[in-house]
$ cat upload-v1.pdb   # PDB, C-alpha atoms
ATOM      1  CA  MET J   7      30.724 -22.003  -3.450
ATOM      2  CA  GLU J   8      29.883 -18.696  -5.106
ATOM      3  CA  MET J   9      32.729 -16.163  -5.179
ATOM      4  CA  LEU J  10      32.925 -12.561  -6.230
ATOM      5  CA  PRO J  11      33.739 -11.919  -9.889
ATOM      6  CA  ASP J  12      37.349 -11.058 -10.690
ATOM      7  CA  ASP J  13      36.930  -8.542 -13.507
ATOM      8  CA  ASN J  14      38.722  -5.176 -13.226
ATOM      9  CA  ILE J  15      35.712  -3.177 -12.064
ATOM     10  CA  SER J  16      34.793  -5.768  -9.417
ATOM     11  CA  LEU J  17      38.378  -5.843  -8.176
ATOM     12  CA  GLU J  18      38.345  -2.027  -7.851
ATOM     13  CA  VAL J  19      35.070  -2.197  -5.878
ATOM     14  CA  ILE J  20      36.546  -4.869  -3.599
ATOM     15  CA  LYS J  21      39.711  -2.820  -3.087
ATOM     16  CA  ASP J  22      37.810   0.432  -2.526
ATOM     17  CA  PHE J  23      35.482  -1.057   0.048
ATOM     18  CA  THR J  24      38.064  -3.433   1.591
ATOM     19  CA  ILE J  25      36.034  -6.554   0.938
ATOM     20  CA  GLU J  26      38.493  -9.414   1.037
ATOM     21  CA  SER J  27      36.195 -12.288   0.206
ATOM     22  CA  ILE J  28      32.549 -13.143   0.217
ATOM     23  CA  SER J  29      31.273 -16.658  -0.087
ATOM     24  CA  PHE J  30      28.231 -18.629   0.873
ATOM     25  CA  ASN J  31      30.181 -21.266   2.822
ATOM     26  CA  LYS J  32      28.130 -20.502   5.930
ATOM     27  CA  HIS J  33      25.027 -21.605   4.013
ATOM     28  CA  ASN J  34      25.334 -25.336   4.229
ATOM     29  CA  LYS J  35      22.200 -27.107   3.117
ATOM     30  CA  PRO J  36      20.298 -28.213   6.231
ATOM     31  CA  SER J  37      20.394 -31.980   6.528
ATOM     32  CA  VAL J  38      17.255 -32.526   8.602
ATOM     33  CA  GLN J  39      15.685 -35.506   6.820
ATOM     34  CA  PRO J  40      12.940 -36.284   6.231
ATOM     35  CA  PHE J  41      10.996 -33.104   6.784
ATOM     36  CA  ASN J  42       7.694 -31.589   5.758
ATOM     37  CA  ILE J  43       8.483 -27.884   6.059
ATOM     38  CA  GLY J  44      11.710 -25.897   6.144
ATOM     39  CA  TYR J  45      12.002 -22.136   6.419
ATOM     40  CA  ILE J  46      14.953 -19.990   5.380
ATOM     41  CA  VAL J  47      14.734 -16.574   7.026
ATOM     42  CA  GLY J  48      16.956 -13.534   6.864
ATOM     43  CA  SER J  49      17.323  -9.967   5.786
ATOM     44  CA  SER J  50      17.461  -8.850   2.178
ATOM     45  CA  GLY J  51      20.703  -9.855   0.492
ATOM     46  CA  SER J  52      21.654 -12.434   3.138
ATOM     47  CA  GLY J  53      21.604 -15.416   0.763
ATOM     48  CA  LYS J  54      18.094 -16.858   1.198
ATOM     49  CA  SER J  55      17.445 -17.292  -2.522
ATOM     50  CA  VAL J  56      20.898 -18.780  -3.110
ATOM     51  CA  LEU J  57      20.311 -21.380  -0.411
ATOM     52  CA  LEU J  58      16.766 -22.037  -1.652
ATOM     53  CA  LYS J  59      18.203 -23.068  -5.035
ATOM     54  CA  GLU J  60      20.004 -25.914  -3.228
ATOM     55  CA  TYR J  61      16.612 -27.572  -2.868
ATOM     56  CA  ASN J  62      14.868 -26.962  -6.134
ATOM     57  CA  ARG J  63      13.892 -24.287  -8.597
ATOM     58  CA  GLU J  64      10.604 -22.479  -8.286
ATOM     59  CA  GLU J  65       8.163 -23.680 -10.926
ATOM     60  CA  LYS J  66       6.228 -21.482 -13.303
ATOM     61  CA  TYR J  67       2.606 -22.321 -13.974
ATOM     62  CA  VAL J  68       0.460 -21.058 -16.847
ATOM     63  CA  TRP J  69      -3.074 -20.365 -15.669
ATOM     64  CA  ALA J  70      -6.082 -20.836 -17.969
ATOM     65  CA  GLY J  71      -9.682 -19.859 -17.285
ATOM     66  CA  PRO J  72     -11.106 -19.542 -13.765
ATOM     67  CA  VAL J  73      -8.566 -20.332 -11.040
ATOM     68  CA  CYS J  74     -10.641 -23.256  -9.718
ATOM     69  CA  SER J  75     -10.708 -24.907 -13.155
ATOM     70  CA  ASN J  76      -6.948 -25.467 -13.074
ATOM     71  CA  PHE J  77      -7.265 -28.393 -10.682
ATOM     72  CA  ARG J  78      -8.233 -31.995 -11.456
ATOM     73  CA  ASN J  79     -11.614 -31.762  -9.704
ATOM     74  CA  TYR J  80     -13.732 -29.701  -7.330
ATOM     75  CA  THR J  81     -12.489 -31.464  -4.192
ATOM     76  CA  GLU J  82      -8.853 -30.860  -5.081
ATOM     77  CA  ALA J  83      -9.568 -27.218  -5.959
ATOM     78  CA  LYS J  84     -11.391 -26.629  -2.673
ATOM     79  CA  ASN J  85      -8.776 -28.362  -0.511
ATOM     80  CA  ARG J  86      -5.791 -26.724  -2.178
ATOM     81  CA  LEU J  87      -7.240 -23.213  -2.406
ATOM     82  CA  LEU J  88      -8.424 -23.248   1.195
ATOM     83  CA  GLY J  89      -5.125 -24.852   2.245
ATOM     84  CA  ALA J  90      -3.285 -21.961   0.617
ATOM     85  CA  GLY J  91      -5.449 -19.429   2.440
ATOM     86  CA  LEU J  92      -7.451 -18.345  -0.606
ATOM     87  CA  SER J  93     -10.918 -18.508   0.902
ATOM     88  CA  SER J  94     -12.683 -16.006  -1.371
ATOM     89  CA  ILE J  95     -15.052 -18.076  -3.520
ATOM     90  CA  PRO J  96     -15.508 -15.184  -6.003
ATOM     91  CA  ALA J  97     -11.705 -15.176  -6.459
ATOM     92  CA  TRP J  98     -11.809 -18.894  -7.329
ATOM     93  CA  LEU J  99     -14.105 -18.057 -10.261
ATOM     94  CA  LYS J 100     -11.912 -15.273 -11.658
ATOM     95  CA  PRO J 101      -9.116 -15.698 -14.173
ATOM     96  CA  TYR J 102      -5.694 -15.555 -12.515
ATOM     97  CA  GLU J 103      -4.820 -12.228 -14.149
ATOM     98  CA  HIS J 104      -7.817 -10.566 -12.419
ATOM     99  CA  LEU J 105      -6.666 -11.517  -8.922
ATOM    100  CA  SER J 106      -4.873  -9.151  -6.555
ATOM    101  CA  THR J 107      -1.164  -9.689  -5.961
ATOM    102  CA  GLY J 108      -1.860 -11.427  -2.640
ATOM    103  CA  GLN J 109      -4.534 -13.649  -4.183
ATOM    104  CA  LYS J 110      -2.166 -14.590  -7.011
ATOM    105  CA  TYR J 111       0.493 -15.563  -4.474
ATOM    106  CA  ARG J 112      -1.962 -17.824  -2.632
ATOM    107  CA  ALA J 113      -3.277 -19.328  -5.902
ATOM    108  CA  ASP J 114       0.324 -20.115  -6.869
ATOM    109  CA  LEU J 115       0.840 -21.833  -3.513
ATOM    110  CA  ALA J 116      -2.322 -23.865  -4.080
ATOM    111  CA  ILE J 117      -1.280 -25.145  -7.497
ATOM    112  CA  LYS J 118       2.458 -25.637  -6.798
ATOM    113  CA  THR J 119       2.534 -27.139  -3.293
ATOM    114  CA  LYS J 120       3.840 -30.683  -3.675
ATOM    115  CA  ASN J 121       6.827 -32.737  -2.577
ATOM    116  CA  ASP J 122      10.111 -30.818  -2.844
ATOM    117  CA  ALA J 123       8.475 -27.506  -3.803
ATOM    118  CA  VAL J 124      10.202 -24.222  -3.005
ATOM    119  CA  PHE J 125       8.697 -20.786  -2.489
ATOM    120  CA  ASP J 126      10.738 -17.600  -2.321
ATOM    121  CA  GLU J 127       9.570 -14.373  -0.676
ATOM    122  CA  PHE J 128       7.039 -16.283   1.431
ATOM    123  CA  THR J 129       4.291 -13.902   2.637
ATOM    124  CA  SER J 130       6.200 -10.818   1.448
ATOM    125  CA  VAL J 131       3.264  -9.504  -0.585
ATOM    126  CA  LEU J 132       0.721 -10.002   2.209
ATOM    127  CA  ASP J 133      -0.281  -7.904   5.178
ATOM    128  CA  ARG J 134       0.995  -9.474   8.380
ATOM    129  CA  ASN J 135      -2.376 -10.815   9.653
ATOM    130  CA  THR J 136      -3.101 -12.478   6.297
ATOM    131  CA  ALA J 137       0.463 -13.816   6.288
ATOM    132  CA  LYS J 138      -0.007 -15.477   9.679
ATOM    133  CA  GLY J 139      -3.293 -17.041   8.532
ATOM    134  CA  LEU J 140      -1.656 -18.297   5.346
ATOM    135  CA  ALA J 141       1.303 -19.767   7.253
ATOM    136  CA  SER J 142      -1.080 -21.640   9.533
ATOM    137  CA  SER J 143      -3.321 -22.948   6.749
ATOM    138  CA  ILE J 144      -0.457 -24.060   4.465
ATOM    139  CA  GLU J 145       1.231 -25.828   7.404
ATOM    140  CA  LYS J 146      -1.946 -27.799   8.086
ATOM    141  CA  PHE J 147      -2.411 -28.579   4.380
ATOM    142  CA  ILE J 148       1.159 -29.826   3.961
ATOM    143  CA  ARG J 149       1.122 -32.006   7.068
ATOM    144  CA  SER J 150      -2.396 -33.415   6.554
ATOM    145  CA  ASN J 151      -1.460 -34.446   3.001
ATOM    146  CA  ASN J 152       1.978 -35.772   4.057
ATOM    147  CA  ILE J 153       3.763 -33.513   1.582
ATOM    148  CA  THR J 154       7.505 -33.574   2.194
ATOM    149  CA  GLY J 155      10.506 -31.385   1.478
ATOM    150  CA  VAL J 156       8.705 -28.049   1.063
ATOM    151  CA  VAL J 157      11.042 -25.117   1.673
ATOM    152  CA  PHE J 158       9.932 -21.518   2.080
ATOM    153  CA  ALA J 159      12.219 -18.493   2.183
ATOM    154  CA  GLY J 160      11.401 -15.011   3.352
ATOM    155  CA  PRO J 161      12.428 -12.096   5.540
ATOM    156  CA  HIS J 162       9.600 -12.371   8.061
ATOM    157  CA  ARG J 163      10.071 -13.975  11.466
ATOM    158  CA  ASP J 164       6.528 -13.280  12.668
ATOM    159  CA  ILE J 165       5.129 -16.266  10.738
ATOM    160  CA  ILE J 166       7.520 -18.906  12.114
ATOM    161  CA  GLN J 167       5.245 -19.875  14.986
ATOM    162  CA  TYR J 168       2.329 -20.303  12.555
ATOM    163  CA  LEU J 169       4.249 -22.137   9.826
ATOM    164  CA  LYS J 170       5.723 -24.544  12.420
ATOM    165  CA  PRO J 171       8.691 -25.571  10.258
ATOM    166  CA  ASP J 172      10.683 -28.688  11.067
ATOM    167  CA  TRP J 173      13.815 -26.559  10.742
ATOM    168  CA  VAL J 174      14.680 -22.893  10.327
ATOM    169  CA  PHE J 175      17.871 -21.642   8.704
ATOM    170  CA  ASP J 176      18.710 -18.065   9.685
ATOM    171  CA  THR J 177      20.920 -16.562   6.972
ATOM    172  CA  ASP J 178      21.666 -13.493   9.085
ATOM    173  CA  ILE J 179      23.679 -15.578  11.537
ATOM    174  CA  GLY J 180      24.334 -18.733   9.481
ATOM    175  CA  CYS J 181      22.561 -20.931  11.994
ATOM    176  CA  ILE J 182      20.098 -23.784  11.566
ATOM    177  CA  TYR J 183      17.838 -24.990  14.308
ATOM    178  CA  GLU J 184      14.913 -27.286  14.710
ATOM    179  CA  GLU J 185      11.851 -25.777  16.355
ATOM    180  CA  THR J 186      12.410 -27.938  19.439
ATOM    181  CA  THR J 187      16.015 -26.759  19.827
ATOM    182  CA  LYS J 188      15.496 -23.091  19.086
ATOM    183  CA  PRO J 189      17.752 -21.198  21.509
ATOM    184  CA  GLU J 190      15.599 -18.088  21.946
ATOM    185  CA  PRO J 191      12.177 -17.109  20.619
ATOM    186  CA  PHE J 192      12.353 -14.357  18.030
ATOM    187  CA  LEU J 193      11.133 -10.997  19.233
ATOM    188  CA  GLU J 194       8.246  -9.612  17.241
ATOM    189  CA  ILE J 195       8.071  -5.831  17.151
ATOM    190  CA  ASN J 196       4.953  -4.149  15.806
ATOM    191  CA  ILE J 197       5.265  -0.479  14.933
TER     192      ILE J 197
END

$ encode --input "upload-v1.pdb" --output "structure tokens"
Amino acid sequence: MEMLPDDNISLEVIKDFTIESISFNKHNKPSVQPFNIGYIVGSSGSGKSVLLKEYNREEKYVWAGPVCSNFRNYTEAKNRLLGAGLSSIPAWLKPYEHLSTGQKYRADLAIKTKNDAVFDEFTSVLDRNTAKGLASSIEKFIRSNNITGVVFAGPHRDIIQYLKPDWVFDTDIGCIYEETTKPEPFLEINI
């Protein structure tokens, strides 16, 4: 359980804003086992990243040379890059540092997606149509390769139907549900 600090300044802030206690008790690690895909969704500051750390830590990867050359062979490169929604062949031939932010995110998904992987800010750097395509392609890649325990976290509800997670944990209300037991579909509002 993570509690507020008890230094003098923090105590004054708590007193001034009448915050009695804050903890992440409502964020119990979902126990749906085994699973392929989990999704933690909620607004900024609602505890998504804290809960995500219950599963694993996000890995760093050091890229070298063309993106496609970072895989064991051509078949793996093709399957993983397409599975992560990076379908631009010219992008495959570029060094990682020359990719756009969205392309880098998808390249990272391609190289890091494995059992028990975690990904924070899922689709946050992508436009919403690209995000939906990515959610669909990564879902198919994970399930077709029987990858298990992959947990994504992000603020976007519009990708849930495309990601098709085995469970969703909503940090805004502290509720977990499986797709088949979801009480109400989320409303998608496009402005």

$ resolve_selection --input "upload-v1.pdb" --expression "the PyMOL selection byres ((chain J and resi 39-41) around 12)" --output "PyMOL selection string"
chain J and resi 35-38+42-45+121-122+148-149+152-157+170-174+184

$ residues_around --input "upload-v1.pdb" --residues "stretch 101-116 of chain J" --least-positions-apart "5" --cutoff "6 Å" --atoms "all atoms listed in the file" --output "PDB file with C-alpha atoms, in the coordinates of the input"
ATOM      1  CA  GLY J  71      -9.682 -19.859 -17.285  1.00  0.00           C
ATOM      2  CA  PRO J  72     -11.106 -19.542 -13.765  1.00  0.00           C
ATOM      3  CA  VAL J  73      -8.566 -20.332 -11.040  1.00  0.00           C
ATOM      4  CA  ARG J  86      -5.791 -26.724  -2.178  1.00  0.00           C
ATOM      5  CA  LEU J  87      -7.240 -23.213  -2.406  1.00  0.00           C
ATOM      6  CA  ALA J  90      -3.285 -21.961   0.617  1.00  0.00           C
ATOM      7  CA  LEU J  92      -7.451 -18.345  -0.606  1.00  0.00           C
ATOM      8  CA  VAL J 131       3.264  -9.504  -0.585  1.00  0.00           C
ATOM      9  CA  LEU J 132       0.721 -10.002   2.209  1.00  0.00           C
TER      10      LEU J 132
END

$ residues_around --input "upload-v1.pdb" --residues "J:Ser75" --least-positions-apart "3" --cutoff "12 Å" --atoms "all atoms listed in the file" --output "JSON, numbers by chain"
{"J": [69, 70, 71, 72, 78, 79, 80, 81, 82, 83, 84, 87, 97, 98, 99, 100, 101, 102, 113, 117]}

$ atom_distance --input "upload-v1.pdb" --atom1 "atom CA of J:Arg134" --atom2 "atom CA of J:Ser52"
21.5 Å

$ atom_distance --input "upload-v1.pdb" --atom1 "atom CA of J:Cys74" --atom2 "atom CA of J:Gly139"
20.6 Å

$ atom_distance --input "upload-v1.pdb" --atom1 "atom CA of J:Glu145" --atom2 "atom CA of J:Lys118"
14.3 Å

$ resolve_selection --input "upload-v1.pdb" --expression "the PyMOL selection byres ((chain J and resi 126) around 6)" --output "mmCIF file with C-alpha atoms, in the coordinates of the input"
data_model
loop_
_atom_site.group_PDB
_atom_site.id
_atom_site.type_symbol
_atom_site.label_atom_id
_atom_site.label_comp_id
_atom_site.auth_asym_id
_atom_site.auth_seq_id
_atom_site.Cartn_x
_atom_site.Cartn_y
_atom_site.Cartn_z
ATOM 1 C CA PHE J 125 8.697 -20.786 -2.489
ATOM 2 C CA GLU J 127 9.570 -14.373 -0.676
ATOM 3 C CA PHE J 128 7.039 -16.283 1.431
ATOM 4 C CA PHE J 158 9.932 -21.518 2.080
ATOM 5 C CA ALA J 159 12.219 -18.493 2.183
#

$ closest_residue --input "upload-v1.pdb" --among "J:Pro96, J:Gly53, J:Gly48, J:Gly160" --to "J:Ala137" --atoms "all atoms listed in the file"
J:Gly160

$ closest_residue --input "upload-v1.pdb" --among "J:Gly89, J:Val68, J:Ile15, J:Ser142" --to "J:Gln167" --atoms "only C-alpha atoms"
J:Ser142

$ closest_residue --input "upload-v1.pdb" --among "J:Arg163, J:Ala141, J:Asn76, J:Glu65" --to "J:Phe175" --atoms "only C-alpha atoms"
J:Arg163

$ closest_residue --input "upload-v1.pdb" --among "J:Ser94, J:Ala123, J:Ser49, J:Tyr183" --to "J:Tyr61" --atoms "all atoms listed in the file"
J:Ala123
